[in-house]
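Heads up, upload34.cif below (mmCIF, C-alpha atoms):
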data_upload
#
loop_
_atom_site.label_atom_id
_atom_site.label_comp_id
_atom_site.auth_asym_id
_atom_site.auth_seq_id
_atom_site.Cartn_x
_atom_site.Cartn_y
_atom_site.Cartn_z
CA MET A 20 -35.79 -21.48 45.06
CA PRO A 21 -38.87 -23.65 44.61
CA PRO A 22 -40.40 -23.92 41.11
CA VAL A 23 -43.10 -21.36 40.34
CA ILE A 24 -46.20 -21.94 38.21
CA SER A 25 -48.79 -19.29 37.34
CA ILE A 26 -52.49 -20.03 37.03
CA VAL A 27 -53.80 -17.48 34.56
CA SER A 28 -57.04 -16.74 32.75
CA LYS A 29 -59.32 -14.03 31.55
CA LYS A 30 -61.43 -12.55 34.35
CA ASN A 31 -63.71 -14.73 36.44
CA SER A 32 -62.75 -18.02 34.87
CA GLY A 33 -62.43 -19.85 38.17
CA LYS A 34 -58.71 -19.71 39.04
CA THR A 35 -59.37 -19.84 42.77
CA THR A 36 -61.89 -22.66 42.36
CA LEU A 37 -59.28 -24.68 40.49
CA LEU A 38 -56.69 -23.95 43.18
CA GLU A 39 -59.07 -25.15 45.86
CA LYS A 40 -58.97 -28.58 44.24
CA LEU A 41 -55.38 -28.59 43.00
CA ILE A 42 -53.70 -27.58 46.29
CA PRO A 43 -55.12 -30.50 48.34
CA ALA A 44 -54.18 -32.93 45.56
CA LEU A 45 -50.57 -31.70 45.70
CA CYS A 46 -50.54 -31.65 49.52
CA GLN A 47 -51.71 -35.26 49.57
CA ARG A 48 -48.67 -36.10 47.49
CA GLY A 49 -46.56 -34.72 50.32
CA TYR A 50 -45.53 -31.37 48.86
CA ARG A 51 -45.46 -28.11 50.77
CA VAL A 52 -47.36 -25.74 48.53
CA GLY A 53 -47.33 -21.96 48.76
CA THR A 54 -49.51 -19.54 46.84
CA ILE A 55 -49.20 -15.93 45.75
CA LYS A 56 -52.20 -13.84 44.80
CA HIS A 57 -51.58 -10.84 42.58
CA ASP A 58 -53.74 -7.91 43.50
CA HIS A 59 -53.85 -4.88 41.23
CA HIS A 60 -55.88 -2.50 43.26
CA GLY A 61 -55.24 -2.80 46.96
CA PHE A 62 -56.54 -5.34 49.41
CA GLU A 63 -57.74 -5.43 52.96
CA ILE A 64 -56.63 -8.23 55.21
CA ASP A 65 -56.90 -8.64 58.96
CA ARG A 66 -59.98 -8.01 61.04
CA GLU A 67 -61.15 -4.68 62.36
CA GLY A 68 -60.48 -4.19 66.04
CA LYS A 69 -57.72 -6.81 66.34
CA ASP A 70 -54.49 -5.62 67.95
CA THR A 71 -52.54 -5.96 64.70
CA TRP A 72 -55.23 -4.02 62.88
CA ARG A 73 -54.97 -1.27 65.51
CA HIS A 74 -51.16 -1.13 65.12
CA LYS A 75 -51.56 -0.72 61.36
CA GLN A 76 -54.23 1.95 61.74
CA ALA A 77 -51.90 3.82 64.09
CA GLY A 78 -49.25 3.99 61.35
CA ALA A 79 -47.03 0.92 61.71
CA ARG A 80 -45.49 0.27 58.29
CA THR A 81 -44.92 -3.41 58.97
CA VAL A 82 -46.95 -5.51 61.36
CA VAL A 83 -46.22 -9.11 62.29
CA ILE A 84 -48.16 -11.46 64.54
CA SER A 85 -46.36 -14.62 65.62
CA SER A 86 -47.59 -17.71 67.41
CA PRO A 87 -46.20 -21.24 67.86
CA ARG A 88 -48.08 -22.47 64.77
CA ARG A 89 -48.41 -19.50 62.46
CA ILE A 90 -46.83 -16.19 61.55
CA ALA A 91 -48.42 -13.39 59.55
CA MET A 92 -47.14 -10.10 58.20
CA ILE A 93 -48.66 -7.01 56.60
CA LYS A 94 -46.21 -4.51 55.09
CA GLU A 95 -46.70 -1.22 53.29
CA VAL A 96 -44.39 -0.90 50.31
CA ASP A 97 -43.29 2.03 48.15
CA GLU A 98 -43.42 -0.06 45.01
CA GLU A 99 -44.64 -3.50 44.12
CA VAL A 100 -42.28 -6.30 45.14
CA SER A 101 -41.17 -8.43 42.18
CA LEU A 102 -42.40 -12.01 41.99
CA ASP A 103 -38.87 -13.43 42.15
CA ARG A 104 -38.14 -11.44 45.26
CA ILE A 105 -41.37 -12.58 46.91
CA VAL A 106 -40.52 -16.21 46.19
CA ARG A 107 -36.94 -15.84 47.45
CA HIS A 108 -37.94 -14.03 50.62
CA TYR A 109 -41.11 -15.81 51.70
CA PHE A 110 -41.13 -19.22 50.04
CA ALA A 111 -37.67 -20.71 50.52
CA ASP A 112 -39.19 -23.45 52.70
CA MET A 113 -41.80 -24.52 50.11
CA ASP A 114 -41.58 -27.28 47.49
CA LEU A 115 -43.76 -25.48 44.96
CA VAL A 116 -45.23 -22.01 44.53
CA ILE A 117 -48.42 -21.43 42.56
CA THR A 118 -49.38 -17.90 41.66
CA GLU A 119 -52.90 -16.75 40.96
CA GLY A 120 -52.40 -14.14 38.31
CA TYR A 121 -48.99 -12.68 37.35
CA LYS A 122 -49.55 -13.44 33.69
CA LYS A 123 -47.00 -10.81 32.64
CA GLU A 124 -44.24 -12.42 34.71
CA ARG A 125 -43.47 -15.15 32.18
CA LYS A 126 -43.37 -18.03 34.61
CA PRO A 127 -44.66 -21.37 33.27
CA GLN A 128 -48.40 -20.80 32.93
CA ILE A 129 -51.46 -22.98 33.19
CA GLU A 130 -54.50 -21.36 31.67
CA VAL A 131 -58.00 -21.89 32.98
CA PHE A 132 -60.48 -21.55 30.14
CA ARG A 133 -64.21 -21.85 30.65
CA LYS A 134 -66.28 -21.52 27.54
CA LYS A 135 -69.14 -20.55 29.85
CA ALA A 136 -67.18 -17.45 30.89
CA HIS A 137 -65.39 -16.38 27.67
CA GLU A 138 -65.51 -17.08 23.93
CA THR A 139 -61.78 -17.53 23.49
CA PRO A 140 -58.81 -18.37 25.70
CA LEU A 141 -56.16 -15.89 26.80
CA HIS A 142 -53.41 -17.72 24.95
CA SER A 143 -53.48 -18.82 21.33
CA LYS A 144 -51.83 -21.79 19.67
CA ALA A 145 -49.93 -19.42 17.40
CA ALA A 146 -48.30 -17.65 20.35
CA PRO A 147 -48.33 -19.99 23.33
CA GLY A 148 -45.57 -18.10 25.11
CA THR A 149 -44.87 -19.75 28.43
CA LEU A 150 -48.05 -21.82 28.41
CA VAL A 151 -47.47 -25.39 29.62
CA ALA A 152 -51.05 -26.64 29.97
CA VAL A 153 -54.67 -25.62 29.62
CA VAL A 154 -57.54 -26.61 31.88
CA SER A 155 -60.93 -26.20 30.23
CA ASP A 156 -64.56 -27.19 30.19
CA VAL A 157 -64.53 -27.79 26.41
CA PRO A 158 -61.97 -29.33 24.02
CA VAL A 159 -59.42 -26.69 22.97
CA ASP A 160 -56.12 -27.05 21.15
CA LEU A 161 -53.43 -24.65 22.32
CA GLY A 162 -50.57 -26.97 21.40
CA VAL A 163 -50.05 -28.00 25.03
CA PRO A 164 -51.56 -30.75 27.21
CA ARG A 165 -55.21 -30.12 28.05
CA PHE A 166 -56.98 -31.25 31.21
CA ASP A 167 -60.66 -31.33 31.91
CA ILE A 168 -61.70 -28.77 34.48
CA ASP A 169 -62.71 -31.54 36.89
CA ASP A 170 -59.63 -33.68 36.35
CA PHE A 171 -57.42 -31.94 38.86
CA LEU A 172 -55.79 -35.24 39.85
CA SER A 173 -54.27 -35.61 36.39
CA LEU A 174 -53.23 -31.97 36.51
CA ALA A 175 -51.52 -32.55 39.86
CA ALA A 176 -49.70 -35.57 38.41
CA PHE A 177 -48.61 -33.48 35.41
CA ILE A 178 -47.25 -30.74 37.70
CA GLU A 179 -45.46 -33.31 39.83
CA GLU A 180 -43.79 -34.92 36.86
CA ARG A 181 -42.92 -31.71 35.09
CA PHE A 182 -41.89 -29.43 37.96
CA LEU A 183 -41.16 -31.60 40.97
CA GLY A 184 -38.90 -34.17 39.41
CA ALA A 185 -41.22 -37.06 40.17
CA HIS A 186 -41.47 -39.94 37.74
CA LEU A 187 -44.83 -41.45 37.09
CA PRO A 188 -45.06 -45.24 36.97
CA PRO A 189 -44.73 -46.54 33.38
CA MET B 24 -31.08 -4.59 62.35
CA PRO B 25 -33.33 -1.87 63.74
CA PRO B 26 -33.53 -1.44 67.52
CA VAL B 27 -36.24 -3.45 69.26
CA ILE B 28 -38.29 -2.36 72.29
CA SER B 29 -40.88 -4.50 74.05
CA ILE B 30 -44.04 -3.09 75.57
CA VAL B 31 -44.91 -5.44 78.43
CA SER B 32 -47.45 -5.60 81.23
CA LYS B 33 -49.67 -7.89 83.21
CA LYS B 34 -52.82 -8.83 81.33
CA ASN B 35 -55.22 -6.18 80.07
CA SER B 36 -53.17 -3.18 81.11
CA GLY B 37 -53.60 -1.33 77.84
CA LYS B 38 -50.51 -2.15 75.79
CA THR B 39 -52.36 -1.76 72.50
CA THR B 40 -54.00 1.47 73.64
CA LEU B 41 -50.57 2.90 74.46
CA LEU B 42 -49.23 1.77 71.07
CA GLU B 43 -52.10 3.50 69.32
CA LYS B 44 -50.79 6.78 70.69
CA LEU B 45 -47.07 6.06 70.64
CA ILE B 46 -46.82 4.87 67.04
CA PRO B 47 -48.27 8.08 65.48
CA ALA B 48 -45.99 10.17 67.71
CA LEU B 49 -42.94 8.29 66.41
CA CYS B 50 -44.21 8.37 62.80
CA GLN B 51 -44.61 12.14 63.04
CA ARG B 52 -40.94 12.32 63.96
CA GLY B 53 -40.21 10.66 60.61
CA TYR B 54 -39.42 7.14 61.74
CA ARG B 55 -40.62 3.98 60.03
CA VAL B 56 -42.09 1.95 62.84
CA GLY B 57 -42.87 -1.76 62.72
CA THR B 58 -44.69 -3.80 65.35
CA ILE B 59 -44.73 -7.43 66.39
CA LYS B 60 -47.57 -8.94 68.36
CA HIS B 61 -46.81 -12.07 70.35
CA ASP B 62 -49.68 -14.51 70.32
CA HIS B 63 -49.60 -17.53 72.59
CA HIS B 64 -52.62 -19.41 71.43
CA GLY B 65 -53.21 -19.12 67.72
CA PHE B 66 -54.76 -16.30 65.79
CA GLU B 67 -57.04 -15.86 62.85
CA ILE B 68 -56.26 -13.27 60.26
CA ASP B 69 -57.68 -12.68 56.79
CA ARG B 70 -61.34 -12.61 55.91
CA GLU B 71 -63.50 -15.59 55.17
CA GLY B 72 -64.22 -16.10 51.50
CA LYS B 73 -61.27 -14.05 50.20
CA ASP B 74 -59.08 -15.79 47.61
CA THR B 75 -56.12 -15.93 50.02
CA TRP B 76 -58.36 -17.38 52.71
CA ARG B 77 -59.53 -20.03 50.24
CA HIS B 78 -55.92 -20.91 49.33
CA LYS B 79 -55.09 -21.38 53.02
CA GLN B 80 -58.18 -23.45 53.65
CA ALA B 81 -57.18 -25.66 50.72
CA GLY B 82 -53.87 -26.42 52.42
CA ALA B 83 -51.34 -23.83 51.21
CA ARG B 84 -48.63 -23.61 53.90
CA THR B 85 -47.63 -20.07 52.93
CA VAL B 86 -49.92 -17.54 51.29
CA VAL B 87 -48.87 -14.12 50.05
CA ILE B 88 -50.95 -11.37 48.51
CA SER B 89 -49.08 -8.59 46.79
CA SER B 90 -50.23 -5.25 45.42
CA PRO B 91 -48.40 -2.06 44.40
CA ARG B 92 -48.87 -0.59 47.91
CA ARG B 93 -48.95 -3.50 50.29
CA ILE B 94 -47.83 -7.09 50.73
CA ALA B 95 -49.15 -9.60 53.23
CA MET B 96 -48.14 -13.12 54.18
CA ILE B 97 -49.60 -15.91 56.30
CA LYS B 98 -47.31 -18.88 56.97
CA GLU B 99 -47.80 -22.08 58.95
CA VAL B 100 -44.70 -22.93 60.98
CA ASP B 101 -43.53 -26.11 62.74
CA GLU B 102 -42.17 -24.13 65.68
CA GLU B 103 -42.34 -20.54 66.81
CA VAL B 104 -39.98 -18.21 64.96
CA SER B 105 -37.56 -16.43 67.29
CA LEU B 106 -37.93 -12.70 67.75
CA ASP B 107 -34.46 -11.98 66.37
CA ARG B 108 -35.23 -13.97 63.26
CA ILE B 109 -38.54 -12.16 62.78
CA VAL B 110 -36.81 -8.80 63.04
CA ARG B 111 -34.04 -9.79 60.66
CA HIS B 112 -36.36 -11.27 58.08
CA TYR B 113 -39.31 -8.87 58.06
CA PHE B 114 -38.12 -5.58 59.53
CA ALA B 115 -34.79 -4.79 57.86
CA ASP B 116 -36.40 -1.72 56.24
CA MET B 117 -37.73 -0.26 59.51
CA ASP B 118 -36.12 2.31 61.83
CA LEU B 119 -37.61 0.87 65.00
CA VAL B 120 -39.49 -2.26 66.00
CA ILE B 121 -41.88 -2.29 68.95
CA THR B 122 -43.14 -5.61 70.24
CA GLU B 123 -46.36 -6.09 72.13
CA GLY B 124 -45.51 -8.85 74.58
CA TYR B 125 -42.33 -10.95 74.35
CA LYS B 126 -41.46 -10.24 77.96
CA LYS B 127 -39.26 -13.33 78.16
CA GLU B 128 -37.10 -12.22 75.24
CA ARG B 129 -35.02 -9.76 77.28
CA LYS B 130 -35.19 -6.87 74.85
CA PRO B 131 -35.30 -3.41 76.45
CA GLN B 132 -38.75 -3.27 78.03
CA ILE B 133 -41.25 -0.53 78.75
CA GLU B 134 -43.85 -1.61 81.26
CA VAL B 135 -47.41 -0.35 81.17
CA PHE B 136 -48.81 -0.32 84.70
CA ARG B 137 -52.37 0.69 85.44
CA LYS B 138 -53.31 0.66 89.09
CA LYS B 139 -56.88 0.33 87.89
CA ALA B 140 -56.02 -3.05 86.38
CA HIS B 141 -53.52 -4.55 88.83
CA GLU B 142 -52.25 -3.96 92.38
CA THR B 143 -48.55 -4.26 91.52
CA PRO B 144 -46.40 -3.91 88.42
CA LEU B 145 -44.81 -6.82 86.55
CA HIS B 146 -41.29 -5.60 87.32
CA SER B 147 -39.93 -4.65 90.72
CA LYS B 148 -37.29 -2.12 91.64
CA ALA B 149 -35.22 -4.92 93.20
CA ALA B 150 -35.05 -6.85 89.92
CA PRO B 151 -35.63 -4.41 87.09
CA GLY B 152 -34.05 -6.76 84.54
CA THR B 153 -34.21 -5.14 81.11
CA LEU B 154 -36.74 -2.49 82.13
CA VAL B 155 -35.93 0.93 80.69
CA ALA B 156 -39.09 2.87 81.52
CA VAL B 157 -42.49 2.55 83.11
CA VAL B 158 -45.73 4.13 81.91
CA SER B 159 -48.37 4.34 84.63
CA ASP B 160 -51.52 5.99 85.87
CA VAL B 161 -50.09 6.44 89.38
CA PRO B 162 -46.63 7.37 90.70
CA VAL B 163 -44.46 4.27 90.93
CA ASP B 164 -40.72 3.92 91.52
CA LEU B 165 -39.11 1.10 89.58
CA GLY B 166 -35.71 2.77 89.40
CA VAL B 167 -36.26 3.82 85.79
CA PRO B 168 -37.86 6.89 84.17
CA ARG B 169 -41.62 7.00 84.63
CA PHE B 170 -44.09 8.57 82.22
CA ASP B 171 -47.69 9.37 82.80
CA ILE B 172 -50.02 7.14 80.79
CA ASP B 173 -51.23 10.14 78.79
CA ASP B 174 -47.78 11.65 78.21
CA PHE B 175 -46.93 9.60 75.14
CA LEU B 176 -45.13 12.56 73.57
CA SER B 177 -42.49 12.51 76.31
CA LEU B 178 -42.27 8.75 75.96
CA ALA B 179 -41.71 9.11 72.20
CA ALA B 180 -38.96 11.66 72.86
CA PHE B 181 -37.35 9.29 75.38
CA ILE B 182 -37.39 6.43 72.86
CA GLU B 183 -35.99 8.68 70.17
CA GLU B 184 -33.11 9.84 72.35
CA ARG B 185 -32.32 6.47 73.83
CA PHE B 186 -32.78 4.15 70.84
CA LEU B 187 -32.71 6.23 67.68
CA GLY B 188 -29.62 8.27 68.35
CA ALA B 189 -31.46 11.60 68.29
CA HIS B 190 -30.32 14.39 70.55
CA LEU B 191 -32.90 16.50 72.23
CA PRO B 192 -32.36 20.26 72.30
CA PRO B 193 -30.62 21.36 75.51
#
Rewrite the coordinates I just gave you, this time as structure tokens.
Amino acid sequence: MPPVISIVSKKNSGKTTLLEKLIPALCQRGYRVGTIKHDHHGFEIDREGKDTWRHKQAGARTVVISSPRRIAMIKEVDEEVSLDRIVRHYFADMDLVITEGYKKERKPQIEVFRKKAHETPLHSKAAPGTLVAVVSDVPVDLGVPRFDIDDFLSLAAFIEERFLGAHLPP
Amino acid sequence: MPPVISIVSKKNSGKTTLLEKLIPALCQRGYRVGTIKHDHHGFEIDREGKDTWRHKQAGARTVVISSPRRIAMIKEVDEEVSLDRIVRHYFADMDLVITEGYKKERKPQIEVFRKKAHETPLHSKAAPGTLVAVVSDVPVDLGVPRFDIDDFLSLAAFIEERFLGAHLPP
């Protein structure tokens, strides 16, 4: 099983924006990165009118489309699949899995805190829980390493050292 | 492993249109039906601007989105995943898998033949191969049961009896 890290925050703090910078930085280091987005409400994926979309509309419970370069699946489920099961089943060939959300799952968490978006962070220094780092636009002490919101290269190096067994040069 | 049937035809003979009628007929009989679309060229799925789309654009090799009712995955692969592996990995919880395409995979095949679209069918009576039925808009003898293109209920009953172990009333 690859290591799993969760990017968490209060609402609209820019988790996806951070991921858009962090993922390429990790890819450039040669790691195969997978991501999991937690959706509470129900999502739409696929494009109206496509064959797979038509299969699904007709009642197929699981739809897969497979090509030489890519495979995709949409599956109806009776209950939410646990994070561990998702990682085991879909991410065995990855080096690292980053989740967007899943703050209740107690994986090592990196909080994104933007003072512009919220007054206080999700985590507190008194109860850091599984927090391993904070990424913020202002200085904040949560008792864990802090990275500036734009310093995703240092964050990538931190993740590499901490979760991917790499050793930084002295 | 659930049974697998392939819907095959020459180009643009209405495989998806048939599936749109066949799938609900099988669902109404209480079966969990999954489908696999074979894509030769490369497909796009997901919607521009969505978080999952942004993860993929950033370089994530595998992206999953999970909600209480549905889970979806998009994965880059180095080589095409075999049909058997797809079925084993993604369809273990289905009663029946229907593929659209995969005519080279030698699963039991149902050919869709529309005289309006092509002069001759894909299969011939002399070399039926794995053909188990033909669905057509004109009478055609391929040495296997033939169903009219609009008689998807009889086709569903045939599939049920032949592949799902059901016994039709005498």
Legend entry - the PyMOL selection byres ((chain B) within 6 of (chain A)) resolved against shown file, as a PyMOL selection string: chain B and resi 43+46-47+56-63+65+68-69+81-100+102-103
Legend entry - Shell around Val31 (chain B) at 8 Å using all atoms listed in the file, local window under 4 positions removed, as a VMD selection string: chain B and resid 38 123 to 126 132 to 135
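If you look at CA of Lys29 (chain A) and CA of Arg133 (chain A), they are 9.3 Å away from each other.
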Fitted chain A, least squares over ordered Cα pairs with chain B, as a CSV table (one decimal) with C-alpha atoms, in the coordinates of the input:
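Heads up, here's the output in out30.csv:
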chain,number,residue,atom,x,y,z
A,20,MET,CA,-31.1,-4.6,62.4
A,21,PRO,CA,-33.4,-1.9,63.7
A,22,PRO,CA,-33.5,-1.4,67.5
A,23,VAL,CA,-36.3,-3.5,69.3
A,24,ILE,CA,-38.3,-2.4,72.3
A,25,SER,CA,-40.9,-4.5,74.1
A,26,ILE,CA,-44.1,-3.1,75.6
A,27,VAL,CA,-44.9,-5.4,78.4
A,28,SER,CA,-47.4,-5.6,81.2
A,29,LYS,CA,-49.7,-7.9,83.2
A,30,LYS,CA,-52.8,-8.8,81.4
A,31,ASN,CA,-55.2,-6.2,80.1
A,32,SER,CA,-53.2,-3.2,81.1
A,33,GLY,CA,-53.6,-1.3,77.9
A,34,LYS,CA,-50.5,-2.1,75.8
A,35,THR,CA,-52.4,-1.8,72.5
A,36,THR,CA,-54.0,1.5,73.6
A,37,LEU,CA,-50.6,2.9,74.5
A,38,LEU,CA,-49.2,1.8,71.1
A,39,GLU,CA,-52.1,3.5,69.3
A,40,LYS,CA,-50.8,6.8,70.7
A,41,LEU,CA,-47.1,6.1,70.7
A,42,ILE,CA,-46.8,4.9,67.0
A,43,PRO,CA,-48.3,8.1,65.5
A,44,ALA,CA,-46.0,10.2,67.7
A,45,LEU,CA,-43.0,8.3,66.4
A,46,CYS,CA,-44.2,8.4,62.8
A,47,GLN,CA,-44.6,12.1,63.0
A,48,ARG,CA,-41.0,12.3,63.9
A,49,GLY,CA,-40.2,10.6,60.6
A,50,TYR,CA,-39.4,7.1,61.7
A,51,ARG,CA,-40.6,4.0,60.0
A,52,VAL,CA,-42.1,1.9,62.8
A,53,GLY,CA,-42.9,-1.8,62.7
A,54,THR,CA,-44.7,-3.8,65.4
A,55,ILE,CA,-44.7,-7.4,66.4
A,56,LYS,CA,-47.6,-8.9,68.4
A,57,HIS,CA,-46.8,-12.1,70.3
A,58,ASP,CA,-49.7,-14.5,70.3
A,59,HIS,CA,-49.6,-17.5,72.6
A,60,HIS,CA,-52.6,-19.4,71.4
A,61,GLY,CA,-53.2,-19.1,67.7
A,62,PHE,CA,-54.8,-16.3,65.8
A,63,GLU,CA,-57.0,-15.9,62.8
A,64,ILE,CA,-56.2,-13.2,60.2
A,65,ASP,CA,-57.7,-12.7,56.8
A,66,ARG,CA,-61.3,-12.6,55.9
A,67,GLU,CA,-63.5,-15.6,55.2
A,68,GLY,CA,-64.2,-16.1,51.5
A,69,LYS,CA,-61.3,-14.0,50.2
A,70,ASP,CA,-59.1,-15.8,47.6
A,71,THR,CA,-56.1,-15.9,50.0
A,72,TRP,CA,-58.3,-17.4,52.7
A,73,ARG,CA,-59.5,-20.0,50.2
A,74,HIS,CA,-55.9,-20.9,49.3
A,75,LYS,CA,-55.1,-21.4,53.0
A,76,GLN,CA,-58.2,-23.5,53.6
A,77,ALA,CA,-57.2,-25.7,50.7
A,78,GLY,CA,-53.8,-26.4,52.4
A,79,ALA,CA,-51.3,-23.8,51.2
A,80,ARG,CA,-48.6,-23.6,53.9
A,81,THR,CA,-47.6,-20.1,52.9
A,82,VAL,CA,-49.9,-17.5,51.3
A,83,VAL,CA,-48.9,-14.1,50.0
A,84,ILE,CA,-51.0,-11.4,48.5
A,85,SER,CA,-49.1,-8.6,46.8
A,86,SER,CA,-50.2,-5.2,45.4
A,87,PRO,CA,-48.4,-2.0,44.4
A,88,ARG,CA,-48.9,-0.6,47.9
A,89,ARG,CA,-48.9,-3.5,50.3
A,90,ILE,CA,-47.8,-7.1,50.7
A,91,ALA,CA,-49.1,-9.6,53.2
A,92,MET,CA,-48.1,-13.1,54.2
A,93,ILE,CA,-49.6,-15.9,56.3
A,94,LYS,CA,-47.3,-18.9,57.0
A,95,GLU,CA,-47.8,-22.1,58.9
A,96,VAL,CA,-44.7,-22.9,61.0
A,97,ASP,CA,-43.5,-26.1,62.7
A,98,GLU,CA,-42.2,-24.1,65.7
A,99,GLU,CA,-42.4,-20.6,66.8
A,100,VAL,CA,-40.0,-18.2,65.0
A,101,SER,CA,-37.6,-16.5,67.3
A,102,LEU,CA,-38.0,-12.7,67.8
A,103,ASP,CA,-34.5,-12.0,66.4
A,104,ARG,CA,-35.2,-14.0,63.3
A,105,ILE,CA,-38.5,-12.2,62.8
A,106,VAL,CA,-36.8,-8.8,63.1
A,107,ARG,CA,-34.0,-9.8,60.7
A,108,HIS,CA,-36.4,-11.3,58.1
A,109,TYR,CA,-39.3,-8.9,58.1
A,110,PHE,CA,-38.1,-5.6,59.5
A,111,ALA,CA,-34.8,-4.8,57.9
A,112,ASP,CA,-36.4,-1.7,56.2
A,113,MET,CA,-37.7,-0.3,59.5
A,114,ASP,CA,-36.1,2.3,61.8
A,115,LEU,CA,-37.6,0.9,65.0
A,116,VAL,CA,-39.5,-2.3,66.0
A,117,ILE,CA,-41.9,-2.3,69.0
A,118,THR,CA,-43.1,-5.6,70.2
A,119,GLU,CA,-46.4,-6.1,72.1
A,120,GLY,CA,-45.5,-8.8,74.5
A,121,TYR,CA,-42.3,-11.0,74.3
A,122,LYS,CA,-41.5,-10.2,77.9
A,123,LYS,CA,-39.3,-13.3,78.2
A,124,GLU,CA,-37.1,-12.2,75.2
A,125,ARG,CA,-35.0,-9.8,77.3
A,126,LYS,CA,-35.2,-6.9,74.9
A,127,PRO,CA,-35.3,-3.4,76.4
A,128,GLN,CA,-38.8,-3.3,78.0
A,129,ILE,CA,-41.2,-0.5,78.8
A,130,GLU,CA,-43.8,-1.6,81.3
A,131,VAL,CA,-47.4,-0.4,81.2
A,132,PHE,CA,-48.8,-0.3,84.7
A,133,ARG,CA,-52.4,0.7,85.5
A,134,LYS,CA,-53.3,0.7,89.1
A,135,LYS,CA,-56.9,0.3,87.9
A,136,ALA,CA,-56.0,-3.0,86.4
A,137,HIS,CA,-53.5,-4.5,88.9
A,138,GLU,CA,-52.2,-4.0,92.4
A,139,THR,CA,-48.5,-4.2,91.5
A,140,PRO,CA,-46.4,-3.9,88.4
A,141,LEU,CA,-44.8,-6.8,86.6
A,142,HIS,CA,-41.3,-5.6,87.3
A,143,SER,CA,-39.9,-4.6,90.7
A,144,LYS,CA,-37.3,-2.1,91.6
A,145,ALA,CA,-35.2,-4.9,93.2
A,146,ALA,CA,-35.0,-6.8,89.9
A,147,PRO,CA,-35.6,-4.4,87.1
A,148,GLY,CA,-34.0,-6.7,84.5
A,149,THR,CA,-34.2,-5.1,81.1
A,150,LEU,CA,-36.7,-2.5,82.1
A,151,VAL,CA,-35.9,0.9,80.7
A,152,ALA,CA,-39.1,2.9,81.5
A,153,VAL,CA,-42.5,2.5,83.1
A,154,VAL,CA,-45.7,4.1,81.9
A,155,SER,CA,-48.4,4.3,84.6
A,156,ASP,CA,-51.5,6.0,85.9
A,157,VAL,CA,-50.1,6.4,89.4
A,158,PRO,CA,-46.6,7.4,90.7
A,159,VAL,CA,-44.4,4.3,90.9
A,160,ASP,CA,-40.7,3.9,91.5
A,161,LEU,CA,-39.1,1.1,89.6
A,162,GLY,CA,-35.7,2.8,89.4
A,163,VAL,CA,-36.2,3.8,85.8
A,164,PRO,CA,-37.8,6.9,84.2
A,165,ARG,CA,-41.6,7.0,84.6
A,166,PHE,CA,-44.1,8.6,82.2
A,167,ASP,CA,-47.7,9.4,82.8
A,168,ILE,CA,-50.0,7.2,80.8
A,169,ASP,CA,-51.2,10.1,78.8
A,170,ASP,CA,-47.8,11.6,78.2
A,171,PHE,CA,-46.9,9.6,75.1
A,172,LEU,CA,-45.1,12.6,73.6
A,173,SER,CA,-42.5,12.5,76.3
A,174,LEU,CA,-42.3,8.7,75.9
A,175,ALA,CA,-41.7,9.1,72.2
A,176,ALA,CA,-39.0,11.7,72.8
A,177,PHE,CA,-37.4,9.3,75.4
A,178,ILE,CA,-37.4,6.4,72.8
A,179,GLU,CA,-36.0,8.7,70.2
A,180,GLU,CA,-33.1,9.8,72.3
A,181,ARG,CA,-32.3,6.5,73.8
A,182,PHE,CA,-32.8,4.1,70.8
A,183,LEU,CA,-32.7,6.2,67.7
A,184,GLY,CA,-29.6,8.3,68.3
A,185,ALA,CA,-31.5,11.6,68.3
A,186,HIS,CA,-30.3,14.4,70.6
A,187,LEU,CA,-32.9,16.5,72.3
A,188,PRO,CA,-32.4,20.2,72.3
A,189,PRO,CA,-30.6,21.3,75.6
Inset, instruction - Check which residues satisfy the PyMOL selection byres ((chain A and resi 168) around 8) in the file shown, then give them as a PyMOL selection string. - result: chain A and resi 37+131+154-156+166-167+169-171
Just-selected residues, C-alpha atoms written as a PDB file, in the coordinates of the input:
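Below you can see out.pdb, which holds the result:
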ATOM      1  CA  LEU A  37     -59.280 -24.680  40.490  1.00  0.00           C
ATOM      2  CA  VAL A 131     -58.000 -21.890  32.980  1.00  0.00           C
ATOM      3  CA  VAL A 154     -57.540 -26.610  31.880  1.00  0.00           C
ATOM      4  CA  SER A 155     -60.930 -26.200  30.230  1.00  0.00           C
ATOM      5  CA  ASP A 156     -64.560 -27.190  30.190  1.00  0.00           C
ATOM      6  CA  PHE A 166     -56.980 -31.250  31.210  1.00  0.00           C
ATOM      7  CA  ASP A 167     -60.660 -31.330  31.910  1.00  0.00           C
ATOM      8  CA  ASP A 169     -62.710 -31.540  36.890  1.00  0.00           C
ATOM      9  CA  ASP A 170     -59.630 -33.680  36.350  1.00  0.00           C
ATOM     10  CA  PHE A 171     -57.420 -31.940  38.860  1.00  0.00           C
TER      11      PHE A 171
END
Legend entry - Contact residues around Pro168 (chain B) with all atoms listed in the file at 8 Å, ignoring same-chain residues under 4 positions, as a ChimeraX atom specification: /B:155-157
Inset, instruction - Tell me, in Å to one decimal, how far CA of Pro22 (chain A) is from CA of Leu174 (chain A). - result: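 Separating CA of Pro22 (chain A) from CA of Leu174 (chain A) is a distance of 15.8 Å.
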Legend entry - One-decimal distance in Å that lies between CA of Phe136 (chain B) and CA of Pro162 (chain B):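 CA of Pro162 (chain B) sits 10.0 Å away from CA of Phe136 (chain B).
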Inset, instruction - Given the file shown, determine the residues that the PyMOL selection byres ((chain A and resi 138-145) around 7) selects; report them as a PyMOL selection string. - result: chain A and resi 28-29+132+134+137+146-147+160-162
Inset, instruction - Pick out the closest residue to Lys139 (chain B) from this set: B:Ile182, B:Ala115, B:Val161, B:Ile28. Count all atoms listed in the file. - result: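 Ranking B:Ile182, B:Ala115, B:Val161, B:Ile28 by distance to Lys139 (chain B), first place goes to B:Val161.
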